[in-house]
$ cat input_6.txt   # compact mmCIF, C-alpha atoms
# COMPACT_ATOMS: atom_id res chain seq x y z
CA MET A 22 0.00 0.00 0.00
CA ASN A 23 1.05 3.56 -0.60
CA PHE A 24 0.86 6.03 2.28
CA ALA A 25 1.23 9.79 1.94
CA VAL A 26 2.67 11.36 5.11
CA LEU A 27 2.06 15.10 5.12
CA GLN A 28 4.84 17.49 6.06
CA PHE A 29 4.16 21.01 7.32
CA PRO A 30 6.73 23.52 8.51
CA GLY A 31 7.11 22.36 12.12
CA SER A 32 6.05 18.72 11.64
CA ASN A 33 8.39 16.47 13.62
CA CYS A 34 6.86 13.00 13.63
CA ASP A 35 6.68 12.69 9.86
CA GLN A 36 9.91 10.69 9.54
CA ASP A 37 8.85 8.34 12.35
CA ALA A 38 5.60 7.56 10.54
CA VAL A 39 7.45 6.89 7.26
CA HIS A 40 9.94 4.67 9.12
CA VAL A 41 7.23 2.52 10.69
CA LEU A 42 5.17 2.16 7.52
CA SER A 43 8.10 1.39 5.25
CA ASN A 44 10.88 -0.19 7.37
CA VAL A 45 8.76 -1.97 9.99
CA LEU A 46 5.64 -2.82 7.98
CA GLY A 47 7.16 -3.02 4.48
CA HIS A 48 4.76 -0.68 2.72
CA SER A 49 5.45 2.34 0.59
CA ALA A 50 5.35 5.67 2.38
CA HIS A 51 6.39 9.06 1.08
CA LEU A 52 6.51 12.56 2.50
CA LEU A 53 4.23 15.13 0.93
CA TRP A 54 5.10 18.82 1.39
CA HIS A 55 2.20 21.04 2.50
CA LYS A 56 2.29 23.06 -0.73
CA GLU A 57 1.45 20.03 -2.89
CA PRO A 58 -2.05 20.42 -4.34
CA SER A 59 -2.48 16.69 -4.98
CA LEU A 60 -2.09 13.42 -3.06
CA GLY A 61 -0.99 11.57 -6.22
CA ASN A 62 -1.65 7.84 -6.02
CA ALA A 63 -1.87 7.62 -2.22
CA ASP A 64 -4.07 4.86 -0.78
CA ALA A 65 -4.15 6.51 2.65
CA VAL A 66 -2.98 9.70 4.34
CA ILE A 67 -1.18 10.19 7.65
CA VAL A 68 -1.28 13.70 9.14
CA PRO A 69 1.67 13.48 11.54
CA GLY A 70 2.50 15.10 14.85
CA GLY A 71 4.60 18.14 15.52
CA PHE A 72 4.05 21.85 15.88
CA SER A 73 2.85 22.93 12.44
CA TYR A 74 3.33 26.67 11.93
CA GLY A 75 4.67 26.91 15.48
CA ASP A 76 1.18 26.25 16.87
CA TYR A 77 0.57 29.96 16.22
CA LEU A 78 -2.99 31.24 16.78
CA ARG A 79 -4.26 27.74 17.71
CA THR A 80 -2.82 24.28 17.16
CA GLY A 81 -3.57 23.22 13.59
CA ALA A 82 -5.38 26.48 12.74
CA ILE A 83 -2.98 27.58 9.99
CA ALA A 84 -2.03 24.14 8.63
CA ARG A 85 -5.64 23.37 7.76
CA PHE A 86 -5.54 26.04 5.01
CA SER A 87 -2.48 24.49 3.28
CA PRO A 88 -2.97 23.43 -0.35
CA VAL A 89 -2.39 19.78 0.59
CA MET A 90 -5.26 19.96 3.09
CA GLN A 91 -7.67 20.90 0.30
CA ALA A 92 -6.62 17.66 -1.41
CA VAL A 93 -7.12 15.80 1.89
CA GLN A 94 -10.65 17.24 2.16
CA GLN A 95 -11.50 15.82 -1.28
CA PHE A 96 -9.77 12.51 -0.53
CA ALA A 97 -11.76 12.16 2.72
CA ALA A 98 -15.03 13.11 1.01
CA SER A 99 -14.49 10.29 -1.48
CA GLY A 100 -13.96 7.75 1.32
CA GLY A 101 -10.13 7.69 1.56
CA LEU A 102 -8.56 6.70 4.89
CA VAL A 103 -7.01 9.59 6.82
CA LEU A 104 -5.32 9.21 10.22
CA GLY A 105 -4.25 12.25 12.24
CA ILE A 106 -1.74 11.77 15.05
CA CYS A 107 -1.28 14.39 17.79
CA ASN A 108 -0.89 17.68 15.89
CA GLY A 109 -2.45 15.81 12.95
CA PHE A 110 -5.54 15.20 15.11
CA GLN A 111 -5.64 18.89 15.99
CA ILE A 112 -5.36 19.83 12.30
CA LEU A 113 -8.20 17.47 11.30
CA CYS A 114 -10.44 18.95 14.02
CA GLU A 115 -9.63 22.50 12.90
CA ALA A 116 -10.37 21.45 9.31
CA GLY A 117 -13.81 20.24 10.36
CA LEU A 118 -12.97 16.70 9.23
CA LEU A 119 -13.35 15.52 12.81
CA PRO A 120 -15.76 16.76 15.49
CA GLY A 121 -14.64 18.71 18.56
CA ALA A 122 -11.44 20.54 19.43
CA LEU A 123 -8.26 20.05 21.46
CA VAL A 124 -7.57 22.62 24.17
CA ARG A 125 -4.86 23.27 26.75
CA ASN A 126 -4.21 20.35 29.12
CA LYS A 127 -6.10 20.79 32.36
CA SER A 128 -2.83 20.60 34.31
CA LEU A 129 -1.33 23.35 32.09
CA GLN A 130 1.66 21.01 31.75
CA PHE A 131 3.14 19.53 28.61
CA ARG A 132 2.67 15.81 29.26
CA CYS A 133 5.26 13.44 27.82
CA GLU A 134 4.79 9.89 29.10
CA HIS A 135 3.43 6.45 28.30
CA ILE A 136 -0.30 6.03 28.90
CA PHE A 137 -2.84 3.24 28.51
CA LEU A 138 -5.60 3.27 25.94
CA LYS A 139 -8.87 1.42 25.85
CA THR A 140 -10.23 0.77 22.38
CA ALA A 141 -13.95 1.45 22.57
CA THR A 142 -14.83 -0.24 19.28
CA THR A 143 -13.05 -2.58 16.90
CA ASP A 144 -15.64 -1.84 14.22
CA SER A 145 -13.57 0.55 12.10
CA PRO A 146 -10.77 0.71 9.52
CA PHE A 147 -8.43 1.90 12.30
CA THR A 148 -9.17 -0.59 15.07
CA ASN A 149 -10.20 -3.87 13.44
CA LYS A 150 -6.88 -5.62 14.24
CA ILE A 151 -6.95 -4.67 17.91
CA PRO A 152 -7.97 -7.73 19.96
CA ASP A 153 -11.13 -7.25 22.04
CA GLY A 154 -10.29 -5.94 25.49
CA LYS A 155 -6.60 -5.28 24.73
CA VAL A 156 -5.22 -2.22 26.50
CA LEU A 157 -2.70 -0.37 24.31
CA HIS A 158 0.46 1.04 25.85
CA VAL A 159 1.57 4.09 23.86
CA PRO A 160 3.20 7.46 24.55
CA ILE A 161 1.71 10.93 24.52
CA ALA A 162 3.61 14.19 24.11
CA HIS A 163 1.39 17.25 24.06
CA GLY A 164 0.41 20.46 25.81
CA GLU A 165 -2.94 20.87 24.10
CA GLY A 166 -4.64 17.50 24.01
CA SER A 167 -7.69 17.99 26.16
CA TYR A 168 -10.60 16.89 24.01
CA PHE A 169 -13.64 19.15 24.06
CA ALA A 170 -16.97 18.92 22.27
CA ASP A 171 -20.36 20.28 23.30
CA ALA A 172 -22.90 18.00 24.99
CA ASP A 173 -24.86 17.31 21.79
CA THR A 174 -21.70 16.34 19.90
CA LEU A 175 -20.55 14.05 22.72
CA ALA A 176 -23.95 12.36 22.75
CA SER A 177 -23.84 11.77 19.00
CA LEU A 178 -20.24 10.47 19.21
CA GLN A 179 -21.42 7.90 21.74
CA ALA A 180 -24.60 7.03 19.83
CA ASN A 181 -22.67 6.48 16.60
CA ASN A 182 -19.77 4.58 18.15
CA GLN A 183 -17.31 7.29 17.03
CA ILE A 184 -15.15 7.26 20.15
CA PHE A 185 -12.24 4.97 19.29
CA TRP A 186 -9.77 5.34 22.13
CA GLN A 187 -10.05 6.47 25.77
CA TYR A 188 -7.37 6.98 28.41
CA CYS A 189 -7.56 4.22 31.00
CA THR A 190 -5.63 2.41 33.72
CA ALA A 191 -3.43 -0.61 32.95
CA ALA A 192 -6.47 -2.72 33.79
CA GLY A 193 -8.64 -0.85 31.28
CA GLU A 194 -10.67 1.28 33.70
CA LEU A 195 -11.66 4.79 32.71
CA THR A 196 -10.66 6.92 35.70
CA ASP A 197 -9.81 10.58 36.24
CA ASP A 198 -6.30 9.63 37.35
CA ALA A 199 -5.69 7.82 34.08
CA ASN A 200 -6.73 10.90 32.10
CA PRO A 201 -3.52 12.87 31.42
CA ASN A 202 -5.06 16.05 30.05
CA GLY A 203 -8.65 16.49 31.20
CA SER A 204 -10.27 15.21 28.01
CA LEU A 205 -14.06 14.87 28.26
CA LEU A 206 -15.08 11.21 28.65
CA ASN A 207 -11.31 10.38 28.71
CA ILE A 208 -11.38 10.70 24.91
CA ALA A 209 -8.01 10.13 23.24
CA GLY A 210 -9.25 9.56 19.69
CA VAL A 211 -12.40 9.79 17.56
CA CYS A 212 -13.58 9.28 13.99
CA ASN A 213 -15.98 11.07 11.65
CA THR A 214 -19.50 9.79 10.97
CA ALA A 215 -18.36 8.04 7.77
CA ARG A 216 -15.62 6.28 9.85
CA ASN A 217 -12.87 6.90 7.26
CA VAL A 218 -11.17 9.79 9.08
CA ALA A 219 -9.75 9.29 12.57
CA GLY A 220 -7.45 11.14 14.92
CA LEU A 221 -5.77 10.50 18.25
CA MET A 222 -3.43 12.42 20.54
CA PRO A 223 -1.19 9.44 21.49
CA HIS A 224 1.64 8.39 19.17
CA PRO A 225 1.23 4.86 17.73
CA GLU A 226 4.28 5.45 15.49
CA ARG A 227 6.45 5.81 18.60
CA ALA A 228 5.23 2.47 19.93
CA SER A 229 5.72 0.27 16.90
CA GLU A 230 8.90 -1.62 17.81
CA ASN A 231 9.65 -3.62 20.96
CA LEU A 232 12.98 -1.84 21.18
CA LEU A 233 10.98 1.29 22.04
CA GLY A 234 9.11 -0.41 24.87
CA SER A 235 5.91 -1.32 23.04
CA ASP A 236 4.73 -2.28 19.59
CA ASP A 237 1.02 -1.85 20.35
CA GLY A 238 0.84 1.09 17.94
CA LEU A 239 1.38 -1.26 15.00
CA LEU A 240 -2.15 -2.60 15.47
CA ILE A 241 -3.60 0.72 14.30
CA PHE A 242 -1.51 0.81 11.12
CA GLN A 243 -2.15 -2.90 10.52
CA SER A 244 -5.90 -2.27 10.80
CA MET A 245 -5.67 0.36 8.07
CA ILE A 246 -3.53 -1.89 5.87
CA ALA A 247 -5.98 -4.81 6.23
CA VAL A 248 -8.84 -2.61 5.01
CA LEU A 249 -6.81 -1.20 2.12
CA GLU A 250 -5.66 -4.67 1.02
CA ASN A 251 -9.22 -5.99 1.14
CA LYS A 252 -10.32 -3.07 -1.01
CA THR A 253 -7.54 -3.76 -3.53
CA ALA A 254 -8.40 -7.48 -3.61
CA ALA A 255 -12.09 -6.69 -4.14
CA LYS A 256 -11.21 -4.37 -7.02
CA ALA A 257 -9.02 -7.03 -8.68
CA ALA A 258 -11.66 -9.76 -8.32
CA MET B 42 -7.80 52.44 10.95
CA LYS B 43 -7.73 49.41 13.18
CA ALA B 44 -9.79 46.32 13.86
CA LYS B 45 -9.65 44.73 17.27
CA ILE B 46 -10.70 41.15 17.83
CA ILE B 47 -11.11 39.90 21.38
CA ILE B 48 -11.31 36.14 21.69
CA THR B 49 -12.41 34.41 24.89
CA PRO B 50 -12.92 30.76 25.82
CA LYS B 51 -16.55 29.65 25.82
CA LYS B 52 -18.02 29.26 29.28
CA ALA B 53 -18.49 25.51 28.79
CA VAL B 54 -14.76 25.01 28.08
CA VAL B 55 -12.56 24.43 31.11
CA ASP B 56 -10.10 27.34 31.27
CA PRO B 57 -7.17 26.20 33.42
CA GLN B 58 -5.21 29.38 32.67
CA GLY B 59 -8.07 31.56 33.90
CA LYS B 60 -8.48 29.43 37.04
CA THR B 61 -4.74 29.57 37.80
CA VAL B 62 -4.62 33.36 37.35
CA GLN B 63 -7.71 33.71 39.55
CA SER B 64 -6.10 31.62 42.25
CA ALA B 65 -2.88 33.68 42.01
CA LEU B 66 -4.86 36.92 42.36
CA GLU B 67 -6.52 35.53 45.48
CA HIS B 68 -3.15 34.54 46.92
CA MET B 69 -1.86 38.06 46.27
CA GLY B 70 -4.71 39.44 48.34
CA TYR B 71 -6.97 40.74 45.58
CA THR B 72 -10.38 39.94 47.01
CA GLY B 73 -13.73 39.85 45.28
CA VAL B 74 -12.49 38.15 42.10
CA VAL B 75 -15.12 35.58 41.14
CA GLY B 76 -13.85 34.58 37.72
CA VAL B 77 -10.93 35.08 35.30
CA HIS B 78 -10.98 34.10 31.64
CA VAL B 79 -7.77 34.23 29.62
CA GLY B 80 -8.24 34.80 25.92
CA LYS B 81 -6.51 36.47 22.98
CA TYR B 82 -6.40 39.95 21.55
CA ILE B 83 -5.69 40.48 17.86
CA GLU B 84 -5.14 43.90 16.33
CA VAL B 85 -5.45 44.27 12.56
CA ASP B 86 -4.16 47.41 10.83
CA LEU B 87 -6.35 48.45 7.90
CA ALA B 88 -5.39 50.65 4.95
CA PRO B 89 -6.50 54.30 5.30
CA GLY B 90 -9.89 54.93 3.72
CA THR B 91 -11.05 51.34 4.09
CA ASP B 92 -14.85 51.09 4.14
CA ALA B 93 -15.73 50.23 7.73
CA GLY B 94 -18.82 48.22 6.78
CA ALA B 95 -16.95 46.09 4.25
CA ALA B 96 -14.06 45.59 6.69
CA ARG B 97 -16.45 44.50 9.41
CA LYS B 98 -18.10 41.98 7.09
CA ALA B 99 -14.77 40.54 5.90
CA LEU B 100 -13.22 40.37 9.38
CA ASP B 101 -16.35 38.87 10.85
CA GLU B 102 -16.03 36.07 8.33
CA ALA B 103 -12.29 35.70 9.02
CA SER B 104 -12.90 35.68 12.77
CA HIS B 105 -15.47 32.95 12.41
CA LYS B 106 -13.51 30.67 10.12
CA PHE B 107 -9.91 31.33 11.11
CA LEU B 108 -9.10 33.77 13.91
CA SER B 109 -11.34 31.97 16.40
CA ASN B 110 -12.61 28.43 16.69
CA PRO B 111 -16.39 28.65 17.31
CA ILE B 112 -16.37 25.24 19.01
CA ILE B 113 -14.31 26.52 21.93
CA GLU B 114 -14.18 30.32 21.62
CA ASP B 115 -16.35 33.44 21.36
CA TYR B 116 -15.13 36.66 19.75
CA ARG B 117 -15.96 40.33 19.71
CA LEU B 118 -15.00 42.51 16.76
CA GLU B 119 -14.45 46.26 17.07
CA ILE B 120 -13.50 48.63 14.26
CA GLU B 121 -12.18 52.09 15.00

$ encode --input "input_6.txt" --output "structure tokens"
Amino acid sequence: MNFAVLQFPGSNCDQDAVHVLSNVLGHSAHLLWHKEPSLGNADAVIVPGGFSYGDYLRTGAIARFSPVMQAVQQFAASGGLVLGICNGFQILCEAGLLPGALVRNKSLQFRCEHIFLKTATTDSPFTNKIPDGKVLHVPIAHGEGSYFADADTLASLQANNQIFWQYCTAAGELTDDANPNGSLLNIAGVCNTARNVAGLMPHPERASENLLGSDDGLLIFQSMIAVLENKTAAKAA
Amino acid sequence: MKAKIIITPKKAVVDPQGKTVQSALEHMGYTGVVGVHVGKYIEVDLAPGTDAGAARKALDEASHKFLSNPIIEDYRLEIE
């Protein structure tokens, strides 16, 4: 499969995402500069972490107007898979591709640590390879990752099964202590109503090799790859 | 000619900065403070002779779609 990994001025997890997709998982992944107006022949898009445009104004607020993001809007509208990680999640929310917004951590601290994630549903292109009940161990690194959405939006996220990941204890319990940033409902990641665009604050690409302490993050990329390969096989048949 | 845009967090959004500043004010002995909300202030310089009505319309649009995020923030636009 062919992944496009976007690159904005200030992106800093772009190379990590390319490394995991190509060197660890053996797929094709290429960087795409923010001025590119087209995604070329990409099968899926990764919007990586970092501090695009220095986080000026609001996180993701300026990046969403990049030429490449107009192409991502079209790609998403036609059903293409888009995953936003950390700053990528913030950009997708600012772009209106995902519901809600990410605001300053409740503690006012930049939190850089490993956390535990409960996967709320395996019914999606991003979570289908995650075994039922498995708690993922992945790192976070953000100052503005507190998920906010109004009450109506939260209710519709729950009703439509759009909450993918929630901060939890090692045993999988959703507690306030396990919530590193004050996110509502412990939300760490959500998807859109069509379920083809998802975002999360934790970094699966930094937990994709045992050498780094965990390879749980691979399950998210492997879920996407499984869906893409099924699609390709269906087209060929 | 200037436009001033004052952006504040919506009341429903937890504002840890505002709460921390409020608590600091209390510790410093400033009594009677019942709430602090930390937002942003943006000043836009406009070319001389700009039509105030047109500028207001354009900046209102820009404030809604770019300068503020309506999910988490309110804004007030002033032109002078």

$ interface_residues --input "input_6.txt" --of "chain B" --to "chain A" --cutoff "8 Å" --atoms "only C-alpha atoms" --output "number ranges by chain"
B: 53-58, 107-108, 110, 112-113

$ atom_distance --input "input_6.txt" --atom1 "atom CA of A:Lys139" --atom2 "atom CA of A:Leu195"
8.1 Å

$ closest_residue --input "input_6.txt" --among "A:Phe96, A:Phe137, A:Tyr74, A:Phe29" --to "A:Asn200" --atoms "all atoms listed in the file"
A:Phe137

$ atom_distance --input "input_6.txt" --atom1 "atom CA of A:Cys107" --atom2 "atom CA of A:Pro152"
23.2 Å

$ closest_residue --input "input_6.txt" --among "A:Leu42, A:Leu119, A:Ala215, A:Leu205" --to "A:Ser99" --atoms "only C-alpha atoms"
A:Ala215

$ atom_distance --input "input_6.txt" --atom1 "atom CA of A:Ser235" --atom2 "atom CA of A:Ala192"
16.5 Å

$ residues_around --input "input_6.txt" --residues "B:Leu118" --least-positions-apart "2" --cutoff "7 Å" --atoms "all atoms listed in the file" --output "list in words"
Lys45, Ile46, Ile47, Tyr116 and Ile120 of chain B

$ write_last_selection --input "input_6.txt" --atoms "C-alpha atoms" --output "PDB file, in the frame of the given file"
ATOM      1  CA  LYS B  45      -9.650  44.730  17.270  1.00  0.00           C
ATOM      2  CA  ILE B  46     -10.700  41.150  17.830  1.00  0.00           C
ATOM      3  CA  ILE B  47     -11.110  39.900  21.380  1.00  0.00           C
ATOM      4  CA  TYR B 116     -15.130  36.660  19.750  1.00  0.00           C
ATOM      5  CA  ILE B 120     -13.500  48.630  14.260  1.00  0.00           C
TER       6      ILE B 120
END

$ residues_around --input "input_6.txt" --residues "A:Ser73" --least-positions-apart "2" --cutoff "6 Å" --atoms "all atoms listed in the file" --output "MDAnalysis selection string"
chainID A and resid 29:32 71 75:76
